[in-house]
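data_19.csv (CSV, C-alpha atoms and all ligand atoms) appears below.
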```
chain,number,residue,atom,x,y,z
P,1,MET,CA,-12.0,30.5,-5.8
P,2,THR,CA,-14.5,27.7,-5.0
P,3,LEU,CA,-13.8,24.0,-4.9
P,4,ALA,CA,-15.7,23.7,-8.2
P,5,ASP,CA,-13.1,26.1,-9.8
P,6,LEU,CA,-10.1,24.1,-8.6
P,7,ARG,CA,-8.8,22.2,-11.6
P,8,LYS,CA,-5.6,21.6,-13.5
P,9,GLU,CA,-4.6,20.3,-16.9
P,10,TYR,CA,-2.4,17.2,-16.9
P,11,ARG,CA,0.5,17.4,-19.4
P,12,HIS,CA,3.4,15.8,-17.6
P,13,ALA,CA,3.7,12.5,-19.6
P,14,SER,CA,1.8,9.8,-21.5
P,15,LEU,CA,1.4,6.1,-21.2
P,16,ASN,CA,1.3,3.9,-24.3
P,17,ASP,CA,1.6,0.2,-24.8
P,18,ALA,CA,5.1,0.7,-26.1
P,19,ASP,CA,6.1,2.4,-22.8
P,20,LEU,CA,5.3,-0.6,-20.7
P,21,ILE,CA,8.0,-2.9,-19.5
P,22,GLY,CA,7.0,-6.5,-19.3
P,23,ASP,CA,4.6,-7.5,-16.5
P,24,PRO,CA,2.6,-5.0,-14.4
P,25,ILE,CA,4.6,-5.6,-11.2
P,26,SER,CA,7.8,-4.6,-13.0
P,27,GLN,CA,6.0,-1.6,-14.5
P,28,PHE,CA,4.8,-0.7,-10.9
P,29,SER,CA,8.4,-0.9,-9.7
P,30,ARG,CA,9.5,1.4,-12.4
P,31,TRP,CA,6.9,4.0,-11.5
P,32,LEU,CA,7.7,3.7,-7.8
P,33,ASP,CA,11.5,4.2,-8.7
P,34,GLU,CA,10.6,7.3,-10.7
P,35,ALA,CA,8.5,8.7,-7.8
P,36,ILE,CA,11.5,8.1,-5.4
P,37,LYS,CA,13.9,9.7,-7.8
P,38,ALA,CA,11.6,12.7,-8.2
P,39,GLU,CA,12.0,13.1,-4.4
P,40,LEU,CA,8.2,13.2,-3.8
P,41,ALA,CA,7.1,13.3,-0.2
P,42,GLU,CA,6.5,9.7,1.0
P,43,PRO,CA,6.4,8.0,-2.5
P,44,ASN,CA,6.0,4.7,-0.7
P,45,ALA,CA,2.7,5.7,1.0
P,46,MET,CA,-0.4,3.9,-0.2
P,47,SER,CA,-4.0,3.5,0.8
P,48,VAL,CA,-5.1,0.0,1.8
P,49,ALA,CA,-8.8,-0.6,1.6
P,50,THR,CA,-10.5,-3.5,3.4
P,51,VAL,CA,-14.1,-4.5,4.0
P,52,ASP,CA,-15.7,-5.6,7.3
P,53,ALA,CA,-18.0,-8.6,7.8
P,54,ASP,CA,-21.0,-6.6,6.5
P,55,GLY,CA,-19.1,-5.5,3.3
P,56,ARG,CA,-18.6,-2.0,4.5
P,57,PRO,CA,-15.2,-0.6,3.3
P,58,SER,CA,-12.6,1.3,5.2
P,59,SER,CA,-9.2,2.6,4.2
P,60,ARG,CA,-6.0,3.9,5.7
P,61,ILE,CA,-2.4,4.9,4.6
P,62,VAL,CA,0.4,2.4,5.2
P,63,LEU,CA,4.0,2.3,3.8
P,64,ILE,CA,4.9,-0.3,1.2
P,65,LYS,CA,8.0,-2.2,2.3
P,66,GLY,CA,8.6,-4.5,-0.6
P,67,THR,CA,7.6,-5.7,-4.0
P,68,ASP,CA,8.6,-8.9,-5.7
P,69,GLN,CA,7.1,-11.3,-8.2
P,70,ARG,CA,4.6,-12.5,-5.6
P,71,GLY,CA,3.2,-9.0,-5.0
P,72,PHE,CA,3.1,-6.1,-2.6
P,73,ILE,CA,4.2,-6.1,1.1
P,74,TRP,CA,3.5,-3.9,4.1
P,75,TYR,CA,3.7,-4.4,7.9
P,76,THR,CA,1.2,-3.8,10.6
P,77,ASN,CA,-0.6,-5.2,13.7
P,78,TYR,CA,-2.5,-8.3,12.8
P,79,ALA,CA,-5.0,-7.6,15.6
P,80,SER,CA,-5.8,-4.0,14.3
P,81,ARG,CA,-9.0,-3.1,12.6
P,82,LYS,CA,-7.5,-3.8,9.2
P,83,GLY,CA,-6.1,-7.1,10.5
P,84,GLN,CA,-9.4,-8.2,11.7
P,85,GLU,CA,-11.1,-7.3,8.5
P,86,LEU,CA,-8.5,-9.1,6.4
P,87,ALA,CA,-8.9,-12.2,8.6
P,88,HIS,CA,-12.6,-12.2,7.7
P,89,ASN,CA,-12.2,-11.2,4.0
P,90,PRO,CA,-8.7,-11.3,2.5
P,91,HIS,CA,-9.6,-9.2,-0.5
P,92,ALA,CA,-8.1,-5.7,-0.5
P,93,ALA,CA,-7.3,-2.8,-2.7
P,94,LEU,CA,-4.1,-0.7,-2.7
P,95,LEU,CA,-3.9,2.9,-4.1
P,96,PHE,CA,-1.0,5.1,-4.9
P,97,HIS,CA,-1.3,8.7,-6.0
P,98,TRP,CA,1.9,10.4,-7.1
P,99,THR,CA,0.5,13.9,-7.5
P,100,GLU,CA,3.5,15.6,-9.1
P,101,LEU,CA,3.9,12.9,-11.7
P,102,GLU,CA,0.1,13.0,-12.4
P,103,ARG,CA,0.0,9.2,-11.8
P,104,GLN,CA,-2.3,6.8,-10.0
P,105,VAL,CA,-1.9,3.0,-9.6
P,106,ARG,CA,-4.8,0.8,-8.4
P,107,ILE,CA,-4.0,-2.7,-7.2
P,108,GLU,CA,-6.6,-5.3,-6.2
P,109,GLY,CA,-6.0,-8.9,-5.0
P,110,ARG,CA,-5.9,-11.4,-2.1
P,111,VAL,CA,-3.9,-10.8,1.0
P,112,GLU,CA,-2.0,-13.3,3.1
P,113,GLN,CA,0.3,-13.1,6.2
P,114,LEU,CA,4.0,-13.3,5.6
P,115,SER,CA,6.0,-16.2,7.2
P,116,ALA,CA,7.4,-15.8,10.7
P,117,GLU,CA,10.9,-15.8,9.2
P,118,GLU,CA,10.1,-12.9,6.9
P,119,ASN,CA,8.4,-11.0,9.8
P,120,ASP,CA,11.3,-11.6,12.1
P,121,GLN,CA,13.8,-10.4,9.5
P,122,TYR,CA,12.0,-7.2,8.9
P,123,PHE,CA,11.1,-6.6,12.6
P,124,HIS,CA,14.7,-6.8,13.6
P,125,SER,CA,15.8,-4.3,10.8
P,126,ARG,CA,13.6,-1.6,12.4
P,127,PRO,CA,14.9,1.1,14.8
P,128,LEU,CA,14.6,0.2,18.5
P,129,GLY,CA,11.9,2.8,19.1
P,130,SER,CA,9.7,1.4,16.4
P,131,ARG,CA,10.1,-2.2,17.7
P,132,LEU,CA,9.2,-1.1,21.2
P,133,GLY,CA,6.3,0.9,19.8
P,134,ALA,CA,4.9,-2.3,18.1
P,135,LEU,CA,5.0,-4.0,21.5
P,136,ALA,CA,3.5,-1.0,23.4
P,137,SER,CA,0.5,-0.3,21.1
P,138,GLN,CA,-2.6,-2.4,20.8
P,139,GLN,CA,-3.3,-0.8,17.4
P,140,SER,CA,-6.9,0.4,16.8
P,141,GLN,CA,-7.9,-0.2,20.5
P,142,PRO,CA,-9.2,2.7,22.6
P,143,ILE,CA,-7.0,4.1,25.4
P,144,ASP,CA,-7.8,6.6,28.1
P,145,SER,CA,-5.0,9.2,27.5
P,146,ARG,CA,-1.7,10.0,25.8
P,147,ALA,CA,-0.1,9.5,29.2
P,148,ALA,CA,-1.4,6.0,29.4
P,149,LEU,CA,0.0,5.2,25.9
P,150,GLU,CA,3.4,6.6,27.0
P,151,ALA,CA,3.3,4.5,30.2
P,152,GLN,CA,2.7,1.4,28.0
P,153,PHE,CA,5.8,2.3,26.0
P,154,ASP,CA,7.9,2.8,29.1
P,155,GLU,CA,6.7,-0.6,30.4
P,156,ALA,CA,7.6,-2.3,27.1
P,157,GLU,CA,11.1,-0.7,27.4
P,158,ARG,CA,11.5,-1.8,31.0
P,159,LEU,CA,10.4,-5.4,30.1
P,160,HIS,CA,12.2,-5.9,26.8
P,161,GLY,CA,15.2,-3.5,27.0
P,162,THR,CA,17.2,-3.2,23.8
P,163,ALA,CA,16.4,-6.6,22.4
P,164,PRO,CA,12.7,-7.0,22.1
P,165,ALA,CA,11.3,-10.1,20.3
P,166,ARG,CA,8.7,-9.6,17.6
P,167,PRO,CA,5.3,-9.9,19.2
P,168,ALA,CA,3.2,-12.6,17.4
P,169,HIS,CA,0.5,-10.0,16.6
P,170,TRP,CA,2.9,-7.9,14.5
P,171,GLY,CA,3.9,-8.7,11.0
P,172,GLY,CA,3.6,-8.3,7.2
P,173,TYR,CA,0.9,-8.8,4.7
P,174,LEU,CA,1.5,-9.8,1.0
P,175,LEU,CA,-1.1,-8.8,-1.5
P,176,ARG,CA,-1.0,-11.1,-4.5
P,177,PRO,CA,-2.4,-8.9,-7.3
P,178,GLN,CA,-5.3,-9.9,-9.6
P,179,ARG,CA,-5.8,-6.5,-11.2
P,180,ILE,CA,-3.4,-3.6,-11.6
P,181,GLU,CA,-4.4,-0.3,-13.3
P,182,PHE,CA,-1.9,2.5,-14.3
P,183,TRP,CA,-3.4,6.0,-14.8
P,184,GLN,CA,-1.5,8.8,-16.4
P,185,GLY,CA,-3.1,12.3,-16.5
P,186,ARG,CA,-3.5,13.8,-20.0
P,187,PRO,CA,-4.8,17.1,-21.4
P,188,SER,CA,-8.6,17.5,-21.8
P,189,ARG,CA,-9.3,14.7,-19.4
P,190,LEU,CA,-8.3,12.2,-22.0
P,191,HIS,CA,-6.2,10.3,-19.5
P,192,ASP,CA,-4.3,7.1,-20.3
P,193,ARG,CA,-5.6,4.1,-18.4
P,194,LEU,CA,-4.0,0.7,-18.9
P,195,VAL,CA,-5.3,-2.2,-16.9
P,196,PHE,CA,-3.8,-5.7,-16.4
P,197,ILE,CA,-6.1,-8.6,-15.3
P,198,LEU,CA,-4.6,-11.9,-14.2
P,199,GLN,CA,-6.0,-14.8,-16.2
P,200,ALA,CA,-6.6,-18.4,-14.9
P,201,ASP,CA,-3.5,-19.6,-16.8
P,202,GLY,CA,-1.3,-17.0,-15.0
P,203,HIS,CA,-0.8,-14.6,-17.9
P,204,TRP,CA,-1.8,-10.9,-17.7
P,205,GLN,CA,-4.5,-9.7,-20.1
P,206,GLN,CA,-4.0,-6.0,-20.9
P,207,GLN,CA,-6.7,-3.5,-21.8
P,208,ARG,CA,-7.0,0.3,-22.4
P,209,LEU,CA,-9.9,1.8,-20.5
P,210,GLN,CA,-11.8,5.0,-21.3
P,211,PRO,CA,-10.9,7.8,-18.9
J,301,LIG,C1,2.2,8.3,6.0
J,301,LIG,C2,1.6,7.2,6.9
J,301,LIG,C3,2.2,6.0,7.0
J,301,LIG,C4,1.7,4.9,7.7
J,301,LIG,N1,2.3,3.7,7.7
J,301,LIG,C5,1.7,2.7,8.4
J,301,LIG,C6,2.3,1.4,8.3
J,301,LIG,O1,3.2,1.1,7.6
J,301,LIG,N2,1.7,0.4,9.1
J,301,LIG,C7,0.6,0.6,9.9
J,301,LIG,O2,0.1,-0.3,10.5
J,301,LIG,N3,0.1,1.9,10.0
J,301,LIG,C8,0.6,2.9,9.3
J,301,LIG,N4,0.0,4.2,9.3
J,301,LIG,C9,-1.1,4.3,10.2
J,301,LIG,C10,-2.4,3.8,9.5
J,301,LIG,O3,-2.9,4.8,8.6
J,301,LIG,C11,-3.6,3.5,10.5
J,301,LIG,O4,-3.8,4.6,11.4
J,301,LIG,C12,-3.2,2.3,11.4
J,301,LIG,O5,-2.6,1.3,10.6
J,301,LIG,C13,-4.5,1.8,12.0
J,301,LIG,O6,-5.4,1.4,11.0
J,301,LIG,P1,-6.7,0.4,11.3
J,301,LIG,O7,-7.3,0.9,12.6
J,301,LIG,O8,-7.6,0.6,10.2
J,301,LIG,O9,-6.2,-1.0,11.4
J,301,LIG,C14,0.5,5.2,8.5
J,301,LIG,C15,-0.1,6.4,8.5
J,301,LIG,C16,0.4,7.4,7.6
J,301,LIG,C17,-0.3,8.7,7.5
```
Go ahead and render the structure in this file as structure tokens.
Amino acid sequence: MTLADLRKEYRHASLNDADLIGDPISQFSRWLDEAIKAELAEPNAMSVATVDADGRPSSRIVLIKGTDQRGFIWYTNYASRKGQELAHNPHAALLFHWTELERQVRIEGRVEQLSAEENDQYFHSRPLGSRLGALASQQSQPIDSRAALEAQFDEAERLHGTAPARPAHWGGYLLRPQRIEFWQGRPSRLHDRLVFILQADGHWQQQRLQP
């Protein structure tokens, strides 16, 4: 078996205009719910793609922590590589692939930081170890050794005990979507692709794309 021979037919489901519920954020929430109910591994994992000052892209997986009518939320370190790239260029792309459901969702838009109140509320809902970890790690910076990282964690624990405050460099991002595409695998590579593009007047224009 070579890589060129690895292929499958997609026949799990279909996606037609009549299947859609209202706006694309509600449709996304329905697909995410279905991925959670199907007990997929990490259904809330998504790729976040950003670009650097020279327009060179990079991507990484993060966990989505909320959706509402504004858009899509995740939490991270604002001083990380992605944080620095977003500070320079707030355009980003999110990608979900729910393999077993033969589904992909592509989301593009502008990103902004959440308010200090929202950040504090989520930070304090996290387990203590995660809160201390956020204090201990200068995400994306080099470090000499694993032992040095663990020493930074111990130091954070010693300084902050069981009630660490949220560090200013840690918080959430909200991506306000401008384009959302739903992809459902179909037989013979005739996949369903329905894309929603936000118009200047605030309504979503819907199109079917060729696979
Ligand atoms: C399943 C999974 C979930 C992750 N969730 C997060 C997350 O929610 N927030 C985060 O900052 N990094 C998360 N990471 C780590 C990121 O992929 C990445 O290593 C980190 O954010 C640093 O990226 P950067 O250097 O491009 O800023 C996750 C990684 C994996 C594999």
Pick the closest to P:Gly185 from P:Leu40, P:Val105, P:Met46, P:Met1: which is it, counting all atoms listed in the file?
P:Val105
So which residues are near ligand LIG 301 (chain J), meaning at most 10 Å away with all atoms listed in the file counted, given back as a PyMOL selection string?
chain P and resi 41-50+58-65+73-86+134+138-141+170-172
Between P:Arg146, P:Arg56, P:Arg158, P:Arg193, smallest distance to P:Glu181 by all atoms listed in the file belongs to P:Arg193
Identify which of the residues P:Thr2, P:Gly22, P:Arg166, P:Asp192 lies closest to P:Tyr122, counting only C-alpha atoms when measuring atom-to-atom distances.
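For P:Tyr122, the nearest of the candidates is P:Arg166.
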Residue nearest P:Ser29 among P:Phe72, P:Ile143, P:Leu114, P:Asp154 (counting all atoms listed in the file)
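The closest residue to P:Ser29 is P:Phe72.
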Please determine, counting all atoms listed in the file, which residue among P:Asp33, P:Ser14, P:Pro90, P:Trp204 has the shortest atom-to-atom distance to P:His191.
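Result for the nearest residue to P:His191: P:Ser14.
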Counting all atoms listed in the file, the residue of P:Ser188, P:Gln210, P:Gln178, P:Gln199 that sits nearest P:Leu94:
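Distance minimum relative to P:Leu94 lands on P:Gln178.
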Set the distance at 12 Å and use all atoms listed in the file: which residues neighbour P:Ser26 once local chain neighbours fewer than 2 positions away are removed? I'd like the list as a ChimeraX atom specification.
/P:20-24,28-33,67-72,180
Take the residues from that selection and put them in a file with C-alpha atoms, as a PDB file, keeping the file's coordinate frame.
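So the final result, stored in out00.pdb, reads:
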```pdb
ATOM      1  CA  LEU P  20       5.300  -0.600 -20.700  1.00  0.00           C
ATOM      2  CA  ILE P  21       8.000  -2.900 -19.500  1.00  0.00           C
ATOM      3  CA  GLY P  22       7.000  -6.500 -19.300  1.00  0.00           C
ATOM      4  CA  ASP P  23       4.600  -7.500 -16.500  1.00  0.00           C
ATOM      5  CA  PRO P  24       2.600  -5.000 -14.400  1.00  0.00           C
ATOM      6  CA  PHE P  28       4.800  -0.700 -10.900  1.00  0.00           C
ATOM      7  CA  SER P  29       8.400  -0.900  -9.700  1.00  0.00           C
ATOM      8  CA  ARG P  30       9.500   1.400 -12.400  1.00  0.00           C
ATOM      9  CA  TRP P  31       6.900   4.000 -11.500  1.00  0.00           C
ATOM     10  CA  LEU P  32       7.700   3.700  -7.800  1.00  0.00           C
ATOM     11  CA  ASP P  33      11.500   4.200  -8.700  1.00  0.00           C
ATOM     12  CA  THR P  67       7.600  -5.700  -4.000  1.00  0.00           C
ATOM     13  CA  ASP P  68       8.600  -8.900  -5.700  1.00  0.00           C
ATOM     14  CA  GLN P  69       7.100 -11.300  -8.200  1.00  0.00           C
ATOM     15  CA  ARG P  70       4.600 -12.500  -5.600  1.00  0.00           C
ATOM     16  CA  GLY P  71       3.200  -9.000  -5.000  1.00  0.00           C
ATOM     17  CA  PHE P  72       3.100  -6.100  -2.600  1.00  0.00           C
ATOM     18  CA  ILE P 180      -3.400  -3.600 -11.600  1.00  0.00           C
TER      19      ILE P 180
END
```
Atom CA of P:Leu198 to atom CA of P:Leu95, distance in Å rounded to a single decimal:
17.9 Å
Atom-to-atom span, atom CA of P:Pro164 and atom CA of P:Arg126, Å
11.1 Å
Using atom CA of P:Glu108 and atom CA of P:Asp19 as the two end points, give the distance in Å to one decimal.
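Separating atom CA of P:Glu108 from atom CA of P:Asp19 is a distance of 22.3 Å.
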Could you pull out every residue with an atom within 10 Å of (2.0, -15.9, 0.6), file coordinates, counting all atoms listed in the file, and send them as a list of chain:residue names?
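Residues with an atom close enough to that point: P:Arg70, P:Gly71, P:Arg110, P:Val111, P:Glu112, P:Gln113, P:Leu114, P:Ser115, P:Tyr173, P:Leu174, P:Leu175, P:Arg176.
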Can stretch 43-60 of chain P be brought up to N, CA and C atoms and written out as a short mmCIF file (atom, residue, chain, number, x, y, z; two decimals), in the coordinates of the input?
```cif
data_model
loop_
_atom_site.label_atom_id
_atom_site.label_comp_id
_atom_site.auth_asym_id
_atom_site.auth_seq_id
_atom_site.Cartn_x
_atom_site.Cartn_y
_atom_site.Cartn_z
N PRO P 43 6.86 8.72 -1.24
CA PRO P 43 6.40 8.00 -2.50
C PRO P 43 5.94 6.61 -2.19
N ASN P 44 6.35 6.06 -1.02
CA ASN P 44 6.00 4.70 -0.70
C ASN P 44 4.69 4.60 0.14
N ALA P 45 3.97 5.73 0.29
CA ALA P 45 2.70 5.70 1.00
C ALA P 45 1.58 5.27 0.10
N MET P 46 0.75 4.36 0.60
CA MET P 46 -0.40 3.90 -0.20
C MET P 46 -1.60 3.72 0.68
N SER P 47 -2.76 3.83 0.07
CA SER P 47 -4.00 3.50 0.80
C SER P 47 -4.25 2.03 0.69
N VAL P 48 -4.67 1.46 1.81
CA VAL P 48 -5.10 0.00 1.80
C VAL P 48 -6.56 0.02 2.22
N ALA P 49 -7.39 -0.49 1.33
CA ALA P 49 -8.80 -0.60 1.60
C ALA P 49 -9.19 -2.03 1.90
N THR P 50 -9.99 -2.20 2.96
CA THR P 50 -10.50 -3.50 3.40
C THR P 50 -11.98 -3.42 3.55
N VAL P 51 -12.64 -4.55 3.73
CA VAL P 51 -14.10 -4.50 4.00
C VAL P 51 -14.36 -5.31 5.29
N ASP P 52 -15.39 -4.88 6.03
CA ASP P 52 -15.70 -5.60 7.30
C ASP P 52 -16.71 -6.73 6.93
N ALA P 53 -17.15 -7.41 7.96
CA ALA P 53 -18.00 -8.60 7.80
C ALA P 53 -19.31 -8.26 7.07
N ASP P 54 -19.74 -6.99 7.15
CA ASP P 54 -21.00 -6.60 6.50
C ASP P 54 -20.71 -5.98 5.10
N GLY P 55 -19.46 -6.08 4.62
CA GLY P 55 -19.10 -5.50 3.30
C GLY P 55 -18.91 -4.04 3.29
N ARG P 56 -18.78 -3.43 4.47
CA ARG P 56 -18.60 -2.00 4.50
C ARG P 56 -17.07 -1.68 4.44
N PRO P 57 -16.66 -0.82 3.49
CA PRO P 57 -15.20 -0.60 3.30
C PRO P 57 -14.64 0.43 4.29
N SER P 58 -13.33 0.30 4.52
CA SER P 58 -12.60 1.30 5.20
C SER P 58 -11.19 1.36 4.63
N SER P 59 -10.52 2.51 4.76
CA SER P 59 -9.20 2.60 4.20
C SER P 59 -8.28 3.42 5.08
N ARG P 60 -6.99 3.23 4.91
CA ARG P 60 -6.00 3.90 5.70
C ARG P 60 -4.67 3.91 4.90
#
```
